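A.B. asks: Next up is a structure, given as structure tokens.
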Amino acid sequence: MDTATTRSREQPSKLWLACGVIGPILFVIVFLLEGATRANYSALRQPISSLLIGELGWMQMVNFLVTGLLLLIFALGLRRAVRGTIWGPVLVGLVGIGLMGAGLFVSDPFNGYPPGTPLVPTVRSTHGIIHDLFGVPVFLGLPIACLVFSRRFAKEGERGWAIYSALTCVGMLAAFVLTSMGLNQVAGLADIAGLLQRLTLCIGFTWIVLLALHLLRTRVGETAEHRDDKRPSSK
């Protein structure tokens, strides 16, 4: 097999990287539309996962599954596009798995939705607990992935992306802490817990979309030698 063919096979697929643009945008559009149209549901107060509950819950389930699959494919593209890091793409892949798992296991009624349910559930179901566990790689794994890529970009001399990735990590974690406080009925935050959760995801998903666009513009069709030439010399 000649060298040109080998290099071609090592190149990140445009379609794989494009999944990092399509998936997050699709997810946000669907939860915004459902949150605005679902009867007795408050997008300001209730978390996105509560849209899995009820007869129309299948729509959000499909949203979780499709977006998770697209992020898994994107992680494969990341593995080829950004050399020298394994954990970054792995963590993004775990975000996809987390979304798919959270979609398969419906969350417990929470924060007053559906109407008449307690603000904090007194009895947890097995599927509700599993749903929350699948949320861990989404809300914690994604910020860590940002930190991993920040370090990688710094090594490659891409200072702007290194700083942006680090700030995304901090922003997601800060918003997630506020979300958790709101969902635990902390005064002043409980009424906007849903908004804070959406902000948390949008911070992380915006980073994924912009990263995918950046890699589509700079890494597709670029040979390994060109990437090596752009890295700062250690001499």
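Residue numbers start at 1 in each chain; chains themselves are named A, B, ... in the order of the structure tokens; ligands are numbered from 1 in the order shown.
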Could you tell me, as number ranges by chain, which residues of region 47-147 of chain A DSSP assigns to helix (DSSP H, G or I) when given the backbone?
C.D. replies: A: 48-52, 57-81, 87-104, 126-134, 136-147
A.B. asks: Excluding Gly96 (chain A) and its own-chain neighbours fewer than 4 positions away, which residues fall within 12 Å of it when counting only C-alpha atoms? Please give them as a ChimeraX atom specification.
C.D. replies: /A:19-20,23-24,27,63-76,89-92,100-103,134-139,141-142,205,208
A.B. asks: Write the residues of the preceding selection, restricted to C-alpha atoms, as a PDB file, in the first residue's frame.
C.D. replies:
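Contents of part-v3.pdb, freshly written:
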```pdb
ATOM      1  CA  CYS A  19     -21.638  15.452  13.014  1.00  0.00           C
ATOM      2  CA  GLY A  20     -20.155  17.700  15.702  1.00  0.00           C
ATOM      3  CA  GLY A  23     -25.754  17.011  16.673  1.00  0.00           C
ATOM      4  CA  PRO A  24     -25.599  19.863  19.210  1.00  0.00           C
ATOM      5  CA  PHE A  27     -30.472  18.868  20.210  1.00  0.00           C
ATOM      6  CA  ASN A  63     -33.471  13.621  20.297  1.00  0.00           C
ATOM      7  CA  PHE A  64     -31.164  12.199  22.981  1.00  0.00           C
ATOM      8  CA  LEU A  65     -30.405   9.046  20.982  1.00  0.00           C
ATOM      9  CA  VAL A  66     -29.729  10.767  17.647  1.00  0.00           C
ATOM     10  CA  THR A  67     -27.581  13.486  19.189  1.00  0.00           C
ATOM     11  CA  GLY A  68     -25.620  10.937  21.217  1.00  0.00           C
ATOM     12  CA  LEU A  69     -24.942   8.855  18.099  1.00  0.00           C
ATOM     13  CA  LEU A  70     -23.805  11.932  16.160  1.00  0.00           C
ATOM     14  CA  LEU A  71     -21.384  12.877  18.940  1.00  0.00           C
ATOM     15  CA  LEU A  72     -19.980   9.347  18.965  1.00  0.00           C
ATOM     16  CA  ILE A  73     -19.256   9.655  15.249  1.00  0.00           C
ATOM     17  CA  PHE A  74     -17.772  13.111  15.841  1.00  0.00           C
ATOM     18  CA  ALA A  75     -15.452  11.618  18.474  1.00  0.00           C
ATOM     19  CA  LEU A  76     -14.070   9.270  15.811  1.00  0.00           C
ATOM     20  CA  PRO A  89     -11.919  12.171  21.881  1.00  0.00           C
ATOM     21  CA  VAL A  90     -12.740   9.423  24.412  1.00  0.00           C
ATOM     22  CA  LEU A  91     -14.412  11.945  26.728  1.00  0.00           C
ATOM     23  CA  VAL A  92     -16.418  13.429  23.848  1.00  0.00           C
ATOM     24  CA  MET A 100     -27.991   7.948  24.582  1.00  0.00           C
ATOM     25  CA  GLY A 101     -28.234   6.289  27.982  1.00  0.00           C
ATOM     26  CA  ALA A 102     -30.098   9.251  29.472  1.00  0.00           C
ATOM     27  CA  GLY A 103     -32.562   9.029  26.610  1.00  0.00           C
ATOM     28  CA  PHE A 134     -25.665   8.705  32.452  1.00  0.00           C
ATOM     29  CA  GLY A 135     -25.736  12.469  32.943  1.00  0.00           C
ATOM     30  CA  VAL A 136     -22.327  12.409  34.664  1.00  0.00           C
ATOM     31  CA  PRO A 137     -20.215  12.105  31.471  1.00  0.00           C
ATOM     32  CA  VAL A 138     -22.295  14.884  29.909  1.00  0.00           C
ATOM     33  CA  PHE A 139     -22.079  17.501  32.645  1.00  0.00           C
ATOM     34  CA  GLY A 141     -16.988  14.680  31.174  1.00  0.00           C
ATOM     35  CA  LEU A 142     -17.451  17.493  28.667  1.00  0.00           C
ATOM     36  CA  PHE A 205     -22.322  22.403  22.900  1.00  0.00           C
ATOM     37  CA  ILE A 208     -18.273  21.382  20.224  1.00  0.00           C
TER      38      ILE A 208
END
```
A.B. asks: Write out as a list of chain:residue names each polymer residue whose atoms come within 8 Å of region 190-199 of chain A, counting only C-alpha atoms; drop sequence neighbours fewer than 4 positions from it.
C.D. replies: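 So, after excluding close chain neighbours, the residues are A:Ser42, A:Ala43, A:Leu44, A:Arg45, A:Gln46, A:Pro47, A:Ile48, A:Ala175, A:Phe176, A:Leu178, A:Thr179, A:Ser180, A:Met181, A:Gly182, A:Leu183, A:Asn184, A:Gln185, A:Val186, A:Ile203.
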A.B. asks: So that I can check the surroundings of Arg151 (chain A), please list as a PyMOL selection string every protein, DNA and RNA residue that reaches within 12 Å of it, counting only C-alpha atoms and ignoring chain neighbours fewer than 2 positions away.
C.D. replies: chain A and resi 82+84-85+87-88+144-149+153-166+169
A.B. asks: Within 8 Å of Leu173 (chain A), counting only C-alpha atoms, which residues qualify if same-chain residues fewer than 5 places away don't, as a short mmCIF file (atom, residue, chain, number, x, y, z; two decimals) with N, CA and C atoms, in the first residue's frame?
C.D. replies:
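To be explicit, this is the file written out as result.cif:
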```
data_model
loop_
_atom_site.label_atom_id
_atom_site.label_comp_id
_atom_site.auth_asym_id
_atom_site.auth_seq_id
_atom_site.Cartn_x
_atom_site.Cartn_y
_atom_site.Cartn_z
N PHE A 139 -22.28 16.25 31.91
CA PHE A 139 -22.08 17.50 32.65
C PHE A 139 -20.70 17.62 33.29
N LEU A 140 -20.01 16.50 33.48
CA LEU A 140 -18.66 16.56 34.03
C LEU A 140 -17.60 16.13 33.01
N PRO A 143 -16.70 19.16 30.35
CA PRO A 143 -15.73 20.17 30.81
C PRO A 143 -14.30 19.62 30.90
N THR A 200 -25.84 25.68 30.79
CA THR A 200 -24.70 24.77 30.96
C THR A 200 -24.44 23.99 29.68
#
```
A.B. asks: Separation of CA of Val120 (chain A) and CA of Ala174 (chain A), in Å?
C.D. replies: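 Computing it gives 22.0 Å between the two atoms.
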A.B. asks: Near Ile53 (chain A), counting only C-alpha atoms, which residues have an atom at most 8 Å away, once you skip same-chain residues fewer than 2 positions from it, shown as a PDB file with C-alpha atoms, in the first residue's frame?
C.D. replies:
```pdb
ATOM      1  CA  SER A  49     -34.877  15.542  30.946  1.00  0.00           C
ATOM      2  CA  SER A  50     -38.423  16.128  32.217  1.00  0.00           C
ATOM      3  CA  LEU A  51     -39.456  16.314  28.559  1.00  0.00           C
ATOM      4  CA  GLU A  55     -46.965  10.531  25.958  1.00  0.00           C
ATOM      5  CA  LEU A  56     -44.787  12.922  23.981  1.00  0.00           C
ATOM      6  CA  GLY A  57     -41.623  11.798  25.738  1.00  0.00           C
ATOM      7  CA  VAL A 106     -36.657   8.202  31.689  1.00  0.00           C
ATOM      8  CA  SER A 107     -35.990  10.634  34.525  1.00  0.00           C
ATOM      9  CA  ASP A 108     -38.189  10.763  37.612  1.00  0.00           C
ATOM     10  CA  PRO A 109     -40.877  13.471  37.948  1.00  0.00           C
ATOM     11  CA  PRO A 114     -45.819  16.824  35.814  1.00  0.00           C
TER      12      PRO A 114
END
```
